[in-house]
Each structure stands twice: as C-alpha cells, then as structure tokens.
Amino acid sequence: MKLEPLHARIPALARDEARALIVAWAQGDLPADQYVLVEHFDADPAGSATNVALGVVRASTREHVATIAVELDAVDAHGIGAASRLLPDAPQSALSAPLLELFRETLGTEARYLRSLRRHGAAFRATLGVPPEASSETAAARGATPARTSAVSRAYPPRNNGRGYP
C-alpha cells in the first residue's frame, strides 16, 4: 500500500475541508494545542478504496505525533471511532494514544465526518483514474446513520476559512 496525502492530489479540497482536534487546555498527557488531521489514501489504483490513514500534526511544533487508521467498511452505528486504531507501522509518539481517544470521543461519532472521508476518498480515487464503485454508494448510505455530536466536535467546522494547514 502506497499512502499519499489528499493535499498532494487535490490541494483545494484538503485546504478547504481540513479538520483539527483542538485541545484548549492540557488534559492528562495531552498538551493544549491544535492537532491537524492530514488524510492519506492508497495511491495504488488496485489498492484499497476504504482505508484512510490520518496523520496527526501538532500545529505549534509541526511535528507528526500520531497516525490513526480508519477502516470505512468497518464503520457501524457507533461511528468511525469503533473502526479506528493506531496504525502500527506508522510514526507514533507518546501523544498517540490520548489523541486516538480524543478522536474517538469527538469526530469518531460524527456521521457527517464519515461522509466527508468517503467523499474525499472517492475524489482521490478519481484522480487515479479509478471509476466509482457501486459498493461505495452502499457504504455511504450505511454511514448516514444519525450520530451523537459533542460540543467539542462542533468547535471545528469542515471549512477553515481558507487558512489552510497551520
């Protein structure tokens, strides 16, 4: 599997719909900061269309602090959080486990974020010349289930006012 960031192929989409986990004050082992989620997809046309790797970059230091894997086909009514894990062969840090927990508690429960990841994956695959699959439409319908939205997850809208990555 050859992972490539979304912004390498579709910079405007990645910039306009970037997501971040915002920690306003230190929480246990997690320092206050913004943690930008950088979406990576499989750049092999014969590869997986349903796996996403989220590189987590700490905004203040621009350091890669975690890599979260999401299996979009494994998402159920509990949201993305149940289908997410730390990617074992990818860069991790002492912040990885707390960031995964924060991701699961906030964005991991949002059906809207799941639809966004599926849409971004389809757009990325289109740049590879891969036609859309009927199964991805079925998967998108499964992901459209209502989910609990926390106050924290509402703090970061899908658009970042054109500022791009921090």
# chains A, B, ... in the order shown; residues from 1 in each chain; ligands from 1

call {"tool": "select_by_dssp", "arguments": {"residues": "stretch 1-100 of chain A", "states": "strand (DSSP E or B)", "output": "PyMOL selection string"}}
result
chain A and resi 3-5+19-23+27+30+33-42+51-58+63-71+76+79+84-86

call {"tool": "residues_around", "arguments": {"residues": "stretch 96-105 of chain A", "least_positions_apart": "3", "cutoff": "12 Å", "atoms": "only C-alpha atoms", "output": "PyMOL selection string"}}
result
chain A and resi 19-23+26-37+54-58+64-70+78-88+90-93+108-110+113+147-153

call {"tool": "atom_distance", "arguments": {"atom1": "atom CA of A:Glu17", "atom2": "atom CA of A:Thr106"}}
result
16.7 Å

call {"tool": "residues_around", "arguments": {"residues": "A:Leu3", "least_positions_apart": "2", "cutoff": "7 Å", "atoms": "only C-alpha atoms", "output": "number ranges by chain"}}
result
A: 1, 5, 40-43

call {"tool": "write_last_selection", "arguments": {"atoms": "N, CA and C atoms", "output": "PDB file, in the first residue's frame"}}
result
ATOM      1  N   MET A   1       0.848  -1.174   0.000  1.00  0.00           N
ATOM      2  CA  MET A   1       0.000   0.000   0.000  1.00  0.00           C
ATOM      3  C   MET A   1       0.893   1.236   0.000  1.00  0.00           C
ATOM      4  N   PRO A   5      -0.896  11.776   0.728  1.00  0.00           N
ATOM      5  CA  PRO A   5      -1.820  12.735   1.345  1.00  0.00           C
ATOM      6  C   PRO A   5      -2.799  13.312   0.326  1.00  0.00           C
ATOM      7  N   HIS A  40      -4.703  10.592   4.336  1.00  0.00           N
ATOM      8  CA  HIS A  40      -3.878   9.846   3.384  1.00  0.00           C
ATOM      9  C   HIS A  40      -4.705   8.694   2.829  1.00  0.00           C
ATOM     10  N   PHE A  41      -4.597   8.482   1.519  1.00  0.00           N
ATOM     11  CA  PHE A  41      -5.320   7.397   0.854  1.00  0.00           C
ATOM     12  C   PHE A  41      -4.334   6.544   0.068  1.00  0.00           C
ATOM     13  N   ASP A  42      -4.760   5.343  -0.293  1.00  0.00           N
ATOM     14  CA  ASP A  42      -3.928   4.415  -1.055  1.00  0.00           C
ATOM     15  C   ASP A  42      -3.817   4.907  -2.497  1.00  0.00           C
ATOM     16  N   ALA A  43      -2.591   5.196  -2.941  1.00  0.00           N
ATOM     17  CA  ALA A  43      -2.361   5.727  -4.292  1.00  0.00           C
ATOM     18  C   ALA A  43      -2.222   4.631  -5.342  1.00  0.00           C
TER      19      ALA A  43
END

call {"tool": "residues_around", "arguments": {"residues": "A:Leu114", "least_positions_apart": "2", "cutoff": "8 Å", "atoms": "only C-alpha atoms", "output": "count of residues only"}}
result
10

call {"tool": "residues_around", "arguments": {"residues": "A:Ala126", "least_positions_apart": "6", "cutoff": "10 Å", "atoms": "only C-alpha atoms", "output": "count of residues only"}}
result
3

call {"tool": "closest_residue", "arguments": {"among": "A:Asp16, A:Asp89, A:Glu71, A:Glu63", "to": "A:Gly121", "atoms": "only C-alpha atoms"}}
result
A:Glu71

call {"tool": "atom_distance", "arguments": {"atom1": "atom CA of A:Pro11", "atom2": "atom CA of A:Phe124"}}
result
10.7 Å

call {"tool": "closest_residue", "arguments": {"among": "A:Ala53, A:Val38, A:Ala59, A:Ala74", "to": "A:Ala8", "atoms": "only C-alpha atoms"}}
result
A:Val38

call {"tool": "atom_distance", "arguments": {"atom1": "atom CA of A:Val75", "atom2": "atom CA of A:Gly47"}}
result
19.1 Å

call {"tool": "select_by_dssp", "arguments": {"residues": "stretch 1-152 of chain A", "states": "helix (DSSP H, G or I)", "output": "PyMOL selection string"}}
result
chain A and resi 6-9+11-16+72-74+80-83+96-105+107-109+111-127+134-142

call {"tool": "write_last_selection", "arguments": {"atoms": "C-alpha atoms", "output": "compact mmCIF listing (two decimals), in the first residue's frame"}}
result
# COMPACT_ATOMS: atom_id res chain seq x y z
CA LEU A 6 -5.03 14.17 -0.08
CA HIS A 7 -3.39 17.60 -0.44
CA ALA A 8 -0.84 16.16 -2.89
CA ARG A 9 -3.58 15.44 -5.44
CA PRO A 11 -4.93 20.72 -2.57
CA ALA A 12 -8.04 22.93 -2.60
CA LEU A 13 -10.26 20.20 -1.15
CA ALA A 14 -7.71 19.33 1.53
CA ARG A 15 -7.25 23.00 2.43
CA ASP A 16 -10.94 23.91 2.49
CA LEU A 72 -14.50 2.83 6.40
CA ASP A 73 -16.12 -0.54 5.63
CA ALA A 74 -15.95 -1.48 9.33
CA ILE A 80 -15.83 5.95 12.98
CA GLY A 81 -14.38 5.64 16.47
CA ALA A 82 -15.15 1.93 16.66
CA ALA A 83 -13.36 1.37 13.32
CA SER A 96 -0.75 8.91 20.01
CA ALA A 97 -2.96 7.03 22.49
CA PRO A 98 -4.52 10.18 24.03
CA LEU A 99 -5.12 11.60 20.54
CA LEU A 100 -6.82 8.37 19.40
CA GLU A 101 -9.09 8.54 22.46
CA LEU A 102 -9.93 12.21 21.75
CA PHE A 103 -10.59 11.39 18.08
CA ARG A 104 -12.95 8.54 19.06
CA GLU A 105 -14.85 10.75 21.53
CA LEU A 107 -15.02 13.22 15.37
CA GLY A 108 -15.29 9.45 15.73
CA THR A 109 -19.01 9.76 16.41
CA ALA A 111 -21.80 10.75 10.59
CA ARG A 112 -21.00 13.98 8.72
CA TYR A 113 -17.26 13.37 9.11
CA LEU A 114 -17.66 9.81 7.84
CA ARG A 115 -19.45 11.10 4.74
CA SER A 116 -16.65 13.64 4.26
CA LEU A 117 -13.95 10.93 4.42
CA ARG A 118 -15.85 8.78 1.92
CA ARG A 119 -16.31 11.73 -0.44
CA HIS A 120 -12.62 12.66 -0.17
CA GLY A 121 -11.63 9.04 -0.81
CA ALA A 122 -13.82 8.90 -3.93
CA ALA A 123 -12.34 12.19 -5.21
CA PHE A 124 -8.82 10.90 -4.54
CA ARG A 125 -9.54 7.61 -6.36
CA ALA A 126 -10.92 9.59 -9.31
CA THR A 127 -7.52 11.30 -9.68
CA ALA A 134 -21.44 0.81 -6.57
CA SER A 135 -20.31 -0.63 -3.23
CA SER A 136 -19.02 2.78 -2.11
CA GLU A 137 -22.51 4.22 -2.60
CA THR A 138 -23.94 1.45 -0.44
CA ALA A 139 -21.28 2.10 2.18
CA ALA A 140 -22.10 5.82 2.16
CA ALA A 141 -25.74 5.01 2.80
CA ARG A 142 -24.71 2.85 5.80
